[in-house]
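What follows is the content of entry05.cif (mmCIF, C-alpha atoms and all ligand atoms).
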```cif
data_final
#
loop_
_atom_site.label_atom_id
_atom_site.label_comp_id
_atom_site.auth_asym_id
_atom_site.auth_seq_id
_atom_site.Cartn_x
_atom_site.Cartn_y
_atom_site.Cartn_z
CA MET A 1110 -0.49 33.05 43.31
CA ALA A 1111 -3.07 34.78 45.37
CA GLU A 1112 -4.23 36.43 48.51
CA ILE A 1113 -7.31 34.58 49.72
CA THR A 1114 -9.99 36.55 51.54
CA LEU A 1115 -12.95 34.99 53.30
CA ASN A 1116 -15.60 37.64 53.53
CA ALA A 1117 -18.49 37.11 55.99
CA LEU A 1118 -18.16 33.43 55.17
CA ALA A 1119 -20.45 30.84 56.79
CA HIS A 1120 -21.49 27.32 55.99
CA THR A 1121 -24.17 24.97 57.25
CA TYR A 1122 -24.99 21.44 56.17
CA SER A 1123 -28.47 21.84 57.67
CA ASP A 1124 -31.50 22.73 55.50
CA SER A 1125 -33.06 24.86 58.22
CA PRO A 1126 -30.34 26.27 60.48
CA THR A 1127 -31.67 28.11 63.50
CA LYS A 1128 -28.75 28.42 65.92
CA PRO A 1129 -24.97 28.98 65.72
CA GLU A 1130 -24.32 25.28 66.41
CA ASP A 1131 -26.08 24.41 63.15
CA TYR A 1132 -23.15 25.98 61.30
CA ALA A 1133 -19.97 24.04 60.47
CA ILE A 1134 -18.39 27.44 59.71
CA ARG A 1135 -19.75 30.32 61.77
CA GLN A 1136 -19.55 33.70 60.14
CA MET A 1137 -15.87 34.57 59.69
CA GLN A 1138 -13.65 37.23 58.20
CA HIS A 1139 -10.14 36.12 57.37
CA VAL A 1140 -7.24 36.80 55.01
CA TRP A 1141 -4.51 34.36 53.92
CA HIS A 1142 -1.83 36.65 52.50
CA GLN A 1143 0.01 35.84 49.29
CA GLY A 1144 3.06 33.68 49.90
CA GLY A 1145 2.32 32.85 53.53
CA ALA A 1146 2.89 29.43 55.11
CA TYR A 1147 -0.16 28.90 57.26
CA ALA A 1148 -1.60 26.14 59.38
CA LEU A 1149 -5.24 25.64 60.18
CA LEU A 1150 -5.19 23.85 63.50
CA GLY A 1151 -8.10 22.44 65.44
CA PRO A 1152 -9.73 19.30 66.81
CA SER A 1153 -11.73 16.82 64.80
CA GLY A 1154 -15.07 18.22 63.63
CA CYS A 1155 -14.22 21.93 64.11
CA GLY A 1156 -14.70 22.68 60.40
CA LYS A 1157 -11.19 22.55 58.90
CA SER A 1158 -11.99 20.37 55.89
CA THR A 1159 -15.20 22.29 55.26
CA LEU A 1160 -13.21 25.51 55.10
CA LEU A 1161 -10.58 24.05 52.74
CA ASN A 1162 -13.25 22.61 50.46
CA ILE A 1163 -14.94 26.01 50.28
CA ILE A 1164 -11.65 27.66 49.28
CA SER A 1165 -10.89 25.06 46.63
CA GLY A 1166 -14.46 25.18 45.29
CA LEU A 1167 -15.45 21.61 46.14
CA LEU A 1168 -18.15 23.10 48.37
CA GLU A 1169 -20.29 26.17 47.88
CA PRO A 1170 -20.61 28.27 51.05
CA SER A 1171 -24.09 28.97 52.42
CA ASP A 1172 -23.18 32.63 52.99
CA GLY A 1173 -20.41 35.08 52.19
CA GLU A 1174 -17.69 35.28 49.62
CA VAL A 1175 -14.31 33.81 48.76
CA LEU A 1176 -12.04 36.33 47.03
CA PHE A 1177 -8.76 35.60 45.25
CA ASP A 1178 -6.76 38.81 44.94
CA GLY A 1179 -9.95 40.75 45.57
CA LYS A 1180 -12.00 38.95 42.91
CA ARG A 1181 -15.01 36.86 43.91
CA VAL A 1182 -14.54 33.21 42.96
CA ASN A 1183 -17.72 31.69 44.46
CA GLU A 1184 -19.07 30.91 41.01
CA LEU A 1185 -15.82 29.38 39.70
CA LYS A 1186 -15.48 25.61 39.49
CA PRO A 1187 -12.53 23.99 41.34
CA GLU A 1188 -10.54 23.57 38.10
CA GLU A 1189 -10.99 27.26 37.31
CA ARG A 1190 -9.57 28.36 40.66
CA ASN A 1191 -6.03 27.08 40.16
CA ILE A 1192 -5.88 25.61 43.62
CA ALA A 1193 -3.91 22.45 44.29
CA GLN A 1194 -5.28 20.32 47.10
CA VAL A 1195 -3.41 17.46 48.75
CA PHE A 1196 -5.68 15.15 50.71
CA GLN A 1197 -5.15 12.87 53.69
CA PHE A 1198 -4.88 9.83 51.41
CA PRO A 1199 -2.77 9.87 48.25
CA VAL A 1200 -4.54 10.55 44.97
CA VAL A 1201 -2.38 8.94 42.28
CA TYR A 1202 -3.02 7.03 39.08
CA ASP A 1203 -1.76 3.55 39.92
CA THR A 1204 -1.28 2.43 36.32
CA MET A 1205 0.85 5.47 35.40
CA THR A 1206 4.53 5.90 36.16
CA VAL A 1207 5.61 8.39 38.80
CA TYR A 1208 6.83 10.64 35.95
CA ASP A 1209 3.46 10.57 34.21
CA ASN A 1210 1.63 11.20 37.48
CA LEU A 1211 3.72 14.31 38.09
CA ALA A 1212 3.40 15.42 34.47
CA PHE A 1213 -0.38 14.92 34.40
CA PRO A 1214 -1.51 18.35 35.72
CA LEU A 1215 0.84 20.08 33.25
CA ARG A 1216 -0.23 17.99 30.24
CA ASN A 1217 -3.83 18.84 31.11
CA ILE A 1218 -3.20 22.52 30.58
CA GLY A 1219 -1.11 22.04 27.44
CA VAL A 1220 2.37 22.84 28.76
CA PRO A 1221 5.06 21.96 26.14
CA SER A 1222 6.83 18.68 26.89
CA HIS A 1223 10.33 20.16 27.40
CA LYS A 1224 8.93 22.44 30.12
CA ILE A 1225 7.05 19.54 31.66
CA ARG A 1226 10.26 17.54 31.79
CA SER A 1227 12.28 20.21 33.55
CA LYS A 1228 9.53 20.92 36.09
CA VAL A 1229 8.90 17.23 36.85
CA LEU A 1230 12.64 16.64 37.33
CA GLU A 1231 12.91 19.67 39.62
CA VAL A 1232 9.99 18.60 41.82
CA ALA A 1233 11.08 14.94 41.85
CA GLU A 1234 14.52 16.05 43.02
CA ILE A 1235 13.09 18.08 45.90
CA LEU A 1236 10.84 15.24 47.00
CA GLU A 1237 13.60 12.65 46.55
CA LEU A 1238 11.63 10.78 43.92
CA SER A 1239 14.20 11.08 41.10
CA ASP A 1240 15.09 7.39 41.16
CA GLN A 1241 11.43 6.35 41.16
CA LEU A 1242 10.29 8.22 38.05
CA LYS A 1243 10.07 5.16 35.81
CA ARG A 1244 8.20 3.03 38.35
CA LYS A 1245 4.47 2.45 38.18
CA ALA A 1246 2.77 4.22 41.06
CA LYS A 1247 1.01 0.99 41.99
CA GLY A 1248 4.18 -0.49 43.51
CA LEU A 1249 5.00 2.48 45.72
CA SER A 1250 4.70 2.60 49.50
CA ALA A 1251 1.99 4.81 51.05
CA ASP A 1252 4.44 7.60 51.86
CA GLN A 1253 6.00 7.54 48.39
CA LYS A 1254 2.51 7.78 46.91
CA GLN A 1255 1.76 10.74 49.15
CA LYS A 1256 4.96 12.41 47.97
CA VAL A 1257 3.72 11.95 44.40
CA SER A 1258 0.39 13.51 45.44
CA MET A 1259 2.22 16.49 46.87
CA GLY A 1260 4.41 16.69 43.77
CA ARG A 1261 1.32 16.95 41.56
CA GLY A 1262 0.37 20.03 43.54
CA LEU A 1263 3.82 21.53 43.21
CA VAL A 1264 4.52 21.12 39.50
CA ARG A 1265 2.25 23.94 38.38
CA ASP A 1266 3.71 27.43 38.52
CA ASP A 1267 0.32 29.01 38.10
CA VAL A 1268 -1.39 27.71 41.25
CA SER A 1269 -3.00 30.34 43.45
CA ALA A 1270 -2.39 28.27 46.56
CA ILE A 1271 -1.75 24.74 47.77
CA LEU A 1272 -4.08 23.38 50.42
CA PHE A 1273 -2.90 20.40 52.44
CA ASP A 1274 -5.57 18.47 54.33
CA GLU A 1275 -3.73 16.41 56.98
CA PRO A 1276 -1.27 15.21 54.32
CA LEU A 1277 1.01 13.27 56.63
CA THR A 1278 -1.61 10.95 58.17
CA VAL A 1279 -0.39 7.95 56.18
CA ILE A 1280 3.29 8.71 56.59
CA ASP A 1281 5.56 6.75 58.95
CA PRO A 1282 6.37 8.77 62.11
CA GLN A 1283 10.10 8.93 61.34
CA LEU A 1284 9.43 10.26 57.84
CA LYS A 1285 6.88 12.83 58.97
CA TRP A 1286 9.46 15.18 60.37
CA LYS A 1287 11.51 14.98 57.18
CA LEU A 1288 8.54 15.67 54.94
CA ARG A 1289 7.40 18.60 57.04
CA ARG A 1290 10.84 20.15 56.68
CA LYS A 1291 10.66 19.45 52.97
CA LEU A 1292 7.35 21.26 52.65
CA LYS A 1293 8.78 24.22 54.49
CA GLN A 1294 11.76 24.26 52.14
CA ILE A 1295 9.45 24.02 49.13
CA HIS A 1296 7.47 26.95 50.47
CA GLU A 1297 10.60 29.05 50.79
CA GLN A 1298 11.68 28.10 47.27
CA PHE A 1299 8.37 28.64 45.44
CA ASN A 1300 6.74 31.39 47.53
CA ILE A 1301 3.26 29.92 47.09
CA THR A 1302 0.47 30.54 49.59
CA MET A 1303 0.15 27.29 51.51
CA VAL A 1304 -2.52 26.33 54.02
CA TYR A 1305 -1.81 23.19 55.99
CA VAL A 1306 -4.66 21.60 57.90
CA THR A 1307 -3.82 19.55 60.97
CA HIS A 1308 -5.02 18.71 64.45
CA ASP A 1309 -1.41 18.35 65.61
CA GLN A 1310 0.23 21.43 67.15
CA LEU A 1311 3.73 20.11 66.41
CA GLU A 1312 2.94 19.78 62.70
CA ALA A 1313 1.35 23.22 62.69
CA SER A 1314 4.23 24.98 64.40
CA THR A 1315 7.01 23.32 62.40
CA PHE A 1316 5.35 24.13 59.09
CA ALA A 1317 3.63 27.47 59.56
CA ASP A 1318 4.73 31.03 60.17
CA LYS A 1319 1.23 31.75 61.39
CA ILE A 1320 -1.41 29.42 62.76
CA ALA A 1321 -5.18 29.87 62.62
CA VAL A 1322 -6.68 27.98 65.56
CA MET A 1323 -10.16 26.77 64.79
CA TYR A 1324 -12.78 25.82 67.33
CA ASP A 1325 -16.48 25.20 66.80
CA GLY A 1326 -16.51 26.63 63.28
CA GLN A 1327 -14.62 29.79 64.19
CA ILE A 1328 -11.03 30.98 63.93
CA VAL A 1329 -10.47 31.93 67.56
CA GLN A 1330 -6.87 33.13 67.10
CA PHE A 1331 -4.51 33.77 64.21
CA GLY A 1332 -0.92 34.22 65.30
CA THR A 1333 2.63 32.95 65.42
CA PRO A 1334 3.30 29.83 67.49
CA ARG A 1335 4.83 32.08 70.12
CA GLU A 1336 1.82 34.41 70.26
CA LEU A 1337 -0.49 31.43 70.68
CA PHE A 1338 1.66 30.19 73.51
CA GLU A 1339 2.31 33.43 75.34
CA ASN A 1340 -0.97 35.20 74.81
CA PRO A 1341 -3.81 32.79 74.05
CA ALA A 1342 -6.76 34.87 72.85
CA HIS A 1343 -9.31 32.21 73.78
CA THR A 1344 -9.41 29.58 76.51
CA PHE A 1345 -9.48 26.88 73.84
CA VAL A 1346 -6.08 28.06 72.53
CA GLY A 1347 -4.70 27.92 76.07
CA TYR A 1348 -5.98 24.42 76.51
CA PHE A 1349 -5.10 23.08 73.03
CA ILE A 1350 -1.61 24.58 72.58
CA GLY A 1351 1.18 23.56 74.91
CA SER A 1352 1.76 20.34 76.75
CA PRO A 1353 0.23 20.22 79.29
CA GLY A 1354 -2.26 22.96 78.43
CA MET A 1355 -2.93 26.13 80.38
CA ASN A 1356 -4.28 25.97 83.95
CA PHE A 1357 -7.70 27.60 84.34
CA PHE A 1358 -9.81 28.41 87.38
CA ASN A 1359 -12.84 30.61 87.99
CA ALA A 1360 -12.37 33.69 90.14
CA THR A 1361 -14.55 36.53 91.39
CA PHE A 1362 -13.85 40.21 90.99
CA SER A 1363 -15.34 42.27 93.75
CA ALA A 1364 -14.41 45.44 95.68
CA GLY A 1365 -11.42 46.00 93.41
CA SER A 1366 -9.76 42.65 93.89
CA LEU A 1367 -9.75 39.26 92.25
CA SER A 1368 -10.28 36.31 94.54
CA PHE A 1369 -10.17 32.58 94.28
CA GLY A 1370 -11.76 31.19 97.43
CA LYS A 1371 -9.88 32.85 100.30
CA HIS A 1372 -6.93 33.74 98.09
CA VAL A 1373 -6.35 37.07 96.39
CA ILE A 1374 -4.95 36.75 92.86
CA SER A 1375 -2.62 39.55 91.96
CA ILE A 1376 -3.19 40.97 88.46
CA HIS A 1377 -1.74 43.75 86.32
CA SER A 1378 -3.17 47.16 87.27
CA SER A 1379 -4.59 47.76 83.79
CA LEU A 1380 -6.55 44.49 84.01
CA ALA A 1381 -7.82 45.47 87.45
CA ASN A 1382 -8.90 48.87 86.05
CA HIS A 1383 -10.66 47.16 83.18
CA LEU A 1384 -12.57 44.84 85.52
CA GLN A 1385 -13.36 47.73 87.84
CA GLN A 1386 -15.08 49.53 84.96
CA ARG A 1387 -17.24 46.51 84.26
CA GLY A 1388 -18.39 46.24 87.86
CA ASP A 1389 -18.43 43.06 89.93
CA ILE A 1390 -17.91 39.88 87.92
CA THR A 1391 -18.40 36.43 89.36
CA ASP A 1392 -17.10 34.37 86.46
CA VAL A 1393 -13.67 35.60 85.43
CA LYS A 1394 -11.53 32.74 84.24
CA VAL A 1395 -7.88 32.97 85.24
CA GLY A 1396 -5.38 31.22 82.97
CA ILE A 1397 -1.71 30.54 83.58
CA ARG A 1398 0.60 28.23 81.70
CA PRO A 1399 2.40 25.48 83.70
CA GLU A 1400 5.69 26.92 82.39
CA PHE A 1401 4.97 30.26 84.09
CA VAL A 1402 3.79 29.07 87.51
CA HIS A 1403 6.56 29.98 89.93
CA VAL A 1404 7.45 27.15 92.30
CA TRP A 1405 9.47 28.31 95.30
CA ASP A 1406 12.12 26.13 96.88
CA GLY A 1407 10.49 26.32 100.32
CA PHE A 1408 8.08 28.26 102.50
CA ASN A 1409 7.47 31.78 101.30
CA ASP A 1410 5.13 34.39 102.77
CA ASP A 1411 4.24 35.74 99.34
CA ALA A 1412 3.35 32.37 97.89
CA TYR A 1413 0.26 30.20 98.07
CA GLU A 1414 0.63 26.94 99.95
CA VAL A 1415 -0.70 24.08 97.83
CA GLU A 1416 -0.92 20.32 98.14
CA VAL A 1417 1.37 18.23 95.95
CA ASP A 1418 -0.65 15.68 94.00
CA TYR A 1419 2.07 13.92 92.01
CA VAL A 1420 5.22 14.62 90.02
CA GLU A 1421 5.78 13.29 86.53
CA ASP A 1422 9.39 12.93 85.40
CA LEU A 1423 9.72 13.64 81.69
CA GLY A 1424 13.50 13.38 81.43
CA THR A 1425 14.75 16.92 80.96
CA TYR A 1426 11.96 18.44 83.08
CA LYS A 1427 9.22 17.43 85.49
CA ILE A 1428 5.54 18.26 85.73
CA LEU A 1429 4.30 19.00 89.21
CA SER A 1430 0.61 18.37 89.68
CA PHE A 1431 -0.78 20.30 92.66
CA ILE A 1432 -4.12 21.09 94.24
CA PHE A 1433 -4.97 24.72 94.81
CA ASN A 1434 -8.31 25.51 96.42
CA GLY A 1435 -9.70 22.15 95.28
CA ILE A 1436 -8.56 22.52 91.67
CA THR A 1437 -5.78 20.38 90.15
CA MET A 1438 -3.18 22.44 88.31
CA LYS A 1439 0.24 21.87 86.80
CA ALA A 1440 3.63 23.54 86.96
CA ARG A 1441 6.76 22.77 84.98
CA LEU A 1442 9.91 22.14 87.01
CA SER A 1443 13.29 22.40 85.40
CA GLU A 1444 15.71 19.49 85.63
CA ASP A 1445 17.73 21.01 88.46
CA GLN A 1446 14.79 22.40 90.44
CA LYS A 1447 14.03 21.07 93.92
CA VAL A 1448 11.02 18.73 93.83
CA PRO A 1449 8.48 19.63 96.53
CA VAL A 1450 7.09 16.89 98.76
CA GLY A 1451 3.67 17.09 100.46
CA LYS A 1452 3.29 20.88 100.26
CA ALA A 1453 4.50 23.28 97.61
CA TYR A 1454 4.71 27.07 97.52
CA ILE A 1455 3.69 28.62 94.27
CA SER A 1456 2.89 32.03 92.83
CA PHE A 1457 1.53 33.36 89.58
CA PRO A 1458 3.71 36.11 88.07
CA GLU A 1459 1.36 38.97 87.10
CA GLN A 1460 2.69 39.24 83.57
CA TRP A 1461 1.68 35.66 82.79
CA THR A 1462 -1.64 35.68 84.62
CA LYS A 1463 -4.29 36.01 81.92
CA LEU A 1464 -7.97 36.75 82.40
CA TYR A 1465 -10.82 35.47 80.27
CA ILE A 1466 -14.43 36.60 80.18
CA ASP A 1467 -16.86 34.53 78.08
CA GLU A 1468 -13.81 32.46 77.07
CA TYR A 1469 -12.05 35.44 75.38
CA LEU A 1470 -8.89 37.09 76.67
CA VAL A 1471 -9.22 40.41 78.44
CA GLU A 1472 -6.56 42.35 76.53
CA LEU A 1473 -4.26 44.79 78.22
CA GLY A 1474 -4.68 48.28 76.74
CA SER A 1475 -2.02 48.99 74.10
CA GLU A 1476 -0.13 51.40 76.38
CA ALA A 1477 -0.13 48.91 79.23
CA GLN A 1478 0.87 46.17 76.78
CA SER A 1479 4.03 47.93 75.59
CA GLU A 1480 4.99 49.02 79.10
CA HIS A 1481 4.39 45.46 80.25
CA GLU A 1482 6.39 43.95 77.40
CA SER A 1483 9.39 46.19 77.94
CA GLU A 1484 9.20 45.53 81.70
CA HIS A 1485 9.19 41.80 81.24
CA ARG A 1486 11.01 41.13 78.00
CA SER A 1487 14.10 39.96 79.84
CA GLU A 1488 11.96 37.61 81.94
CA SER A 1489 10.25 36.01 78.95
CA PRO A 1490 11.15 32.31 78.92
CA SER A 1491 11.34 32.40 75.15
CA GLN A 1492 13.23 29.19 74.70
CA GLY A 1493 10.98 27.35 77.12
CA SER A 1494 7.90 28.63 75.34
CA GLU A 1495 9.04 27.51 71.91
CA GLU A 1496 10.04 24.12 73.24
CA ALA A 1497 6.68 23.77 74.91
CA VAL A 1498 4.80 24.55 71.70
CA ASN A 1499 6.87 21.99 69.90
CA GLU A 1500 6.33 19.18 72.32
N1 LIG B 1 -21.22 16.25 54.25
C1 LIG B 1 -21.60 16.59 55.49
N2 LIG B 1 -22.90 16.57 55.86
C2 LIG B 1 -23.28 16.93 57.11
N3 LIG B 1 -22.43 17.35 58.06
C3 LIG B 1 -21.13 17.38 57.74
C4 LIG B 1 -20.63 17.01 56.46
N4 LIG B 1 -19.28 17.15 56.44
C5 LIG B 1 -18.95 17.60 57.67
N5 LIG B 1 -20.04 17.74 58.45
C6 LIG B 1 -20.08 18.23 59.85
O1 LIG B 1 -19.51 19.53 59.85
C7 LIG B 1 -18.67 19.72 60.99
C8 LIG B 1 -17.26 20.08 60.53
O2 LIG B 1 -16.70 18.96 59.86
P1 LIG B 1 -15.28 18.98 59.13
O3 LIG B 1 -15.08 17.66 58.45
O4 LIG B 1 -15.18 20.20 58.30
O5 LIG B 1 -14.33 19.11 60.39
P2 LIG B 1 -12.76 18.82 60.50
O6 LIG B 1 -12.24 19.82 61.47
O7 LIG B 1 -12.15 18.77 59.16
O8 LIG B 1 -12.75 17.38 61.17
P3 LIG B 1 -11.73 16.15 60.89
O9 LIG B 1 -10.39 16.60 61.41
O10 LIG B 1 -12.34 15.04 61.70
O11 LIG B 1 -11.76 15.91 59.42
C9 LIG B 1 -18.74 18.43 61.79
O12 LIG B 1 -19.73 18.58 62.78
C10 LIG B 1 -19.19 17.41 60.76
O13 LIG B 1 -19.92 16.36 61.37
#
```
Any chance you could give the structure as structure tokens?
Ligand SMILES: Nc1ncnc2c1ncn2[C@@H]1O[C@H](COP(=O)(O)OP(=O)(O)OP(=O)(O)O)[C@@H](O)[C@H]1O
Amino acid sequence: MAEITLNALAHTYSDSPTKPEDYAIRQMQHVWHQGGAYALLGPSGCGKSTLLNIISGLLEPSDGEVLFDGKRVNELKPEERNIAQVFQFPVVYDTMTVYDNLAFPLRNIGVPSHKIRSKVLEVAEILELSDQLKRKAKGLSADQKQKVSMGRGLVRDDVSAILFDEPLTVIDPQLKWKLRRKLKQIHEQFNITMVYVTHDQLEASTFADKIAVMYDGQIVQFGTPRELFENPAHTFVGYFIGSPGMNFFNATFSAGSLSFGKHVISIHSSLANHLQQRGDITDVKVGIRPEFVHVWDGFNDDAYEVEVDYVEDLGTYKILSFIFNGITMKARLSEDQKVPVGKAYISFPEQWTKLYIDEYLVELGSEAQSEHESEHRSESPSQGSEEAVNE
């Protein structure tokens, strides 16, 4: 078991890289702690598989180091790294029985047969494969084969980590949920570092304690599902996490106030102070989650008047789409909330109004942060936020 450190790691597939975009992995510093259940979440092409293959040793990084418990492993072959990797498509020996498939990694390293037997039975039990052990793998369904693939990763006690590369792609939707829970349970039982690659936020948040969000070859945020939801560190996290994603619009900071067209956007004083120190800025991005937009029941002097675009009924809640200063935005309405017609009156609570410069969050100073958190803890829609991440 190991702590995995990526030290100034970068990778390019190009022979003559000249610009950041030539890198599949842009220089990164990151630690996966021993025993953690992590997800690596990001869209197709952002570099997830490249990163996993570098950790497992299938790919040699162009720059930087991979350390297992502080020791450099760049020069070690995959089989010397003790990493188990489960791929998108099952890797099983069709002509062998399920038992022999599960026993294979242990036989390879000379484990005595009585130990192999007890470990195979234990893992088969967890994965609900006990009654399939005598069957040839060839006759199994795709999801049973993938369970065998996972089992081959789990039988070894000596693995440093298990890397899952979109392992549930071939699994039936109704079984996916069950297998994800199973993996979580296995993690709790074996305390192995697990990194689970996915482009699906639901998969990431049900499996992982902490999620690394990857975008354009970089980890733009590493946090709990709740942190990613409540405090997205990068606009991509705001957009990618949550359903629908965060609302964004460009505002201008001038003469001490933030404006969006003719409207003044009220922000936390520490953010205003921060902007003030930087001078006038014409391209501040304002971000607010649909869950945090306040929709008033009727006319309100303190609210912005906006045009209702449409309302989508999603059963237990509704999504109001509205137009504010020419930009379409969304707000979440609870089941019992009055649905506005024609015009709506909305406001952006200061504590949920985030600012981004060059796509990165302008952080509140630590003092302001704790004052702000204690002020607003009771107002935090914690249940709503977790639900929203999981949708
Ligand atoms: N063998 C290769 N040769 C050249 N470019 C590659 C190679 N493998 C990946 N790339 C490029 O590197 C970038 C990252 O790809 P990678 O497969 O790591 O992303 P990913 O996030 O795993 O995507 P997906 O979810 O689609 O598998 C992409 O631009 C991809 O086209």
Exercise. Do you know which residues are at most 8 Å from range 1323-1331 of chain A counting all atoms listed in the file, after dropping those on the same chain fewer than 5 positions away, and could you put them as number ranges by chain?
Worked result: A: 1130, 1132-1137, 1149-1152, 1154-1157, 1337, 1341-1343, 1345-1346
Problem set entry | d(CA of Asn1217 in chain A, CA of Ser1258 in chain A) in Å |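 Atom-to-atom, CA of Asn1217 in chain A and CA of Ser1258 in chain A are spaced 15.9 Å apart.
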Exercise. What does the distance between atom C8 of ligand LIG 1 (chain B) and CA of Ser1158 in chain A come to in Å, to one decimal place?
Worked result: 7.0 Å
For this session: Figure out the distance between CA of Phe1198 in chain A and CA of Glu1275 in chain A, please, to one decimal in Å.
Result: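 CA of Phe1198 in chain A lies at a distance of 8.7 Å from CA of Glu1275 in chain A.
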Exercise. Smallest atom-to-atom distance to Leu1118 in chain A: which of A:Pro1221, A:Gly1407, A:Pro1170, A:Gly1144, using only C-alpha atoms?
Worked result: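 Ranking A:Pro1221, A:Gly1407, A:Pro1170, A:Gly1144 by distance to Leu1118 in chain A, first place goes to A:Pro1170.
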Problem set entry | Selection: 10 Å around Phe1431 in chain A, only C-alpha atoms, excl. self and same-chain fewer than 3 positions, as a VMD selection string | chain A and resid 1414 to 1420 1428 1434 to 1440 1451 to 1455
Using all atoms listed in the file, which protein or nucleic acid residues come within 12 Å of Phe1213 in chain A? Drop anything in the same chain fewer than 6 positions from it, and give the result as a CSV table (one decimal) with C-alpha atoms, in the frame of the given file.
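Writing done, so here's around_16.csv:
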```csv
chain,number,residue,atom,x,y,z
A,1201,VAL,CA,-2.4,8.9,42.3
A,1202,TYR,CA,-3.0,7.0,39.1
A,1205,MET,CA,0.8,5.5,35.4
A,1206,THR,CA,4.5,5.9,36.2
A,1207,VAL,CA,5.6,8.4,38.8
A,1219,GLY,CA,-1.1,22.0,27.4
A,1220,VAL,CA,2.4,22.8,28.8
A,1222,SER,CA,6.8,18.7,26.9
A,1225,ILE,CA,7.0,19.5,31.7
A,1226,ARG,CA,10.3,17.5,31.8
A,1228,LYS,CA,9.5,20.9,36.1
A,1229,VAL,CA,8.9,17.2,36.8
A,1257,VAL,CA,3.7,12.0,44.4
A,1258,SER,CA,0.4,13.5,45.4
A,1260,GLY,CA,4.4,16.7,43.8
A,1261,ARG,CA,1.3,17.0,41.6
A,1262,GLY,CA,0.4,20.0,43.5
A,1263,LEU,CA,3.8,21.5,43.2
A,1264,VAL,CA,4.5,21.1,39.5
A,1265,ARG,CA,2.2,23.9,38.4
```
Problem set entry | Top pick for closest residue to ligand LIG 1 (chain B), considering A:Ala1251, A:Ala1360, A:Val1279, A:Leu1168 and counting only C-alpha atoms and all ligand atoms |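 Ranking A:Ala1251, A:Ala1360, A:Val1279, A:Leu1168 by distance to ligand LIG 1 (chain B), first place goes to A:Leu1168.
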Put the listed atoms of ligand LIG 1 (chain B) in a box along x, y and z with 5 Å added on every side and give me the centre and edge lengths in Å to one decimal, as lines of an AutoDock Vina configuration file.
```
center_x = -16.8
center_y = 17.6
center_z = 58.5
size_x = 22.9
size_y = 15.2
size_z = 18.5
```
For this session: Would you mind telling me which residue in A:Lys1243, A:Ile1113, A:Ser1352, A:His1383 lies nearest to His1139 in chain A when using only C-alpha atoms?
Result: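 Between A:Lys1243, A:Ile1113, A:Ser1352, A:His1383, the residue approaching His1139 in chain A most closely is A:Ile1113.
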For this session: For each of A:Asn1409, A:Ser1378, A:Gln1253, A:Gln1241, take the minimum atom-to-atom distance to Ser1366 in chain A, counting only C-alpha atoms, then give the residue where this is smallest.
Result: A:Ser1378
Problem set entry | Residue with smallest distance to ligand LIG 1 (chain B) - pool A:Gln1255, A:Ser1314, A:Ser1368, A:Ser1123, counting all atoms listed in the file |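 Nearest candidate to ligand LIG 1 (chain B) out of A:Gln1255, A:Ser1314, A:Ser1368, A:Ser1123: A:Ser1123.
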For this session: Using all atoms listed in the file, find the one residue out of A:Ala1148, A:Leu1423, A:Met1259, A:Leu1473 that sits nearest to Asn1382 in chain A.
Result: A:Leu1473
At a cut-off of 9 Å, using all atoms listed in the file, what residues contact range 1369-1371 of chain A? Leave out same-chain residues fewer than 2 positions from it and give the result as a PDB file with C-alpha atoms, keeping the file's coordinate frame.
```pdb
ATOM      1  CA  PHE A1358      -9.810  28.410  87.380  1.00  0.00           C
ATOM      2  CA  ASN A1359     -12.840  30.610  87.990  1.00  0.00           C
ATOM      3  CA  ALA A1360     -12.370  33.690  90.140  1.00  0.00           C
ATOM      4  CA  THR A1361     -14.550  36.530  91.390  1.00  0.00           C
ATOM      5  CA  LEU A1367      -9.750  39.260  92.250  1.00  0.00           C
ATOM      6  CA  VAL A1373      -6.350  37.070  96.390  1.00  0.00           C
ATOM      7  CA  ILE A1374      -4.950  36.750  92.860  1.00  0.00           C
ATOM      8  CA  ASN A1434      -8.310  25.510  96.420  1.00  0.00           C
TER       9      ASN A1434
END
```
For this session: List every protein, DNA or RNA residue that has an atom no more than 7 Å from (-15.3, 37.7, 87.5) in the file's coordinate frame, counting all atoms listed in the file, and report them as a list in words.
Result: Ala1360, Thr1361, Phe1362, Asp1389, Ile1390, Thr1391, Asp1392 and Val1393 of chain A
Exercise. Near Val1395 in chain A, counting all atoms listed in the file, which residues have an atom at most 6 Å away, once you skip same-chain residues fewer than 3 positions from it, shown as number ranges by chain?
Worked result: A: 1357-1358, 1463-1464
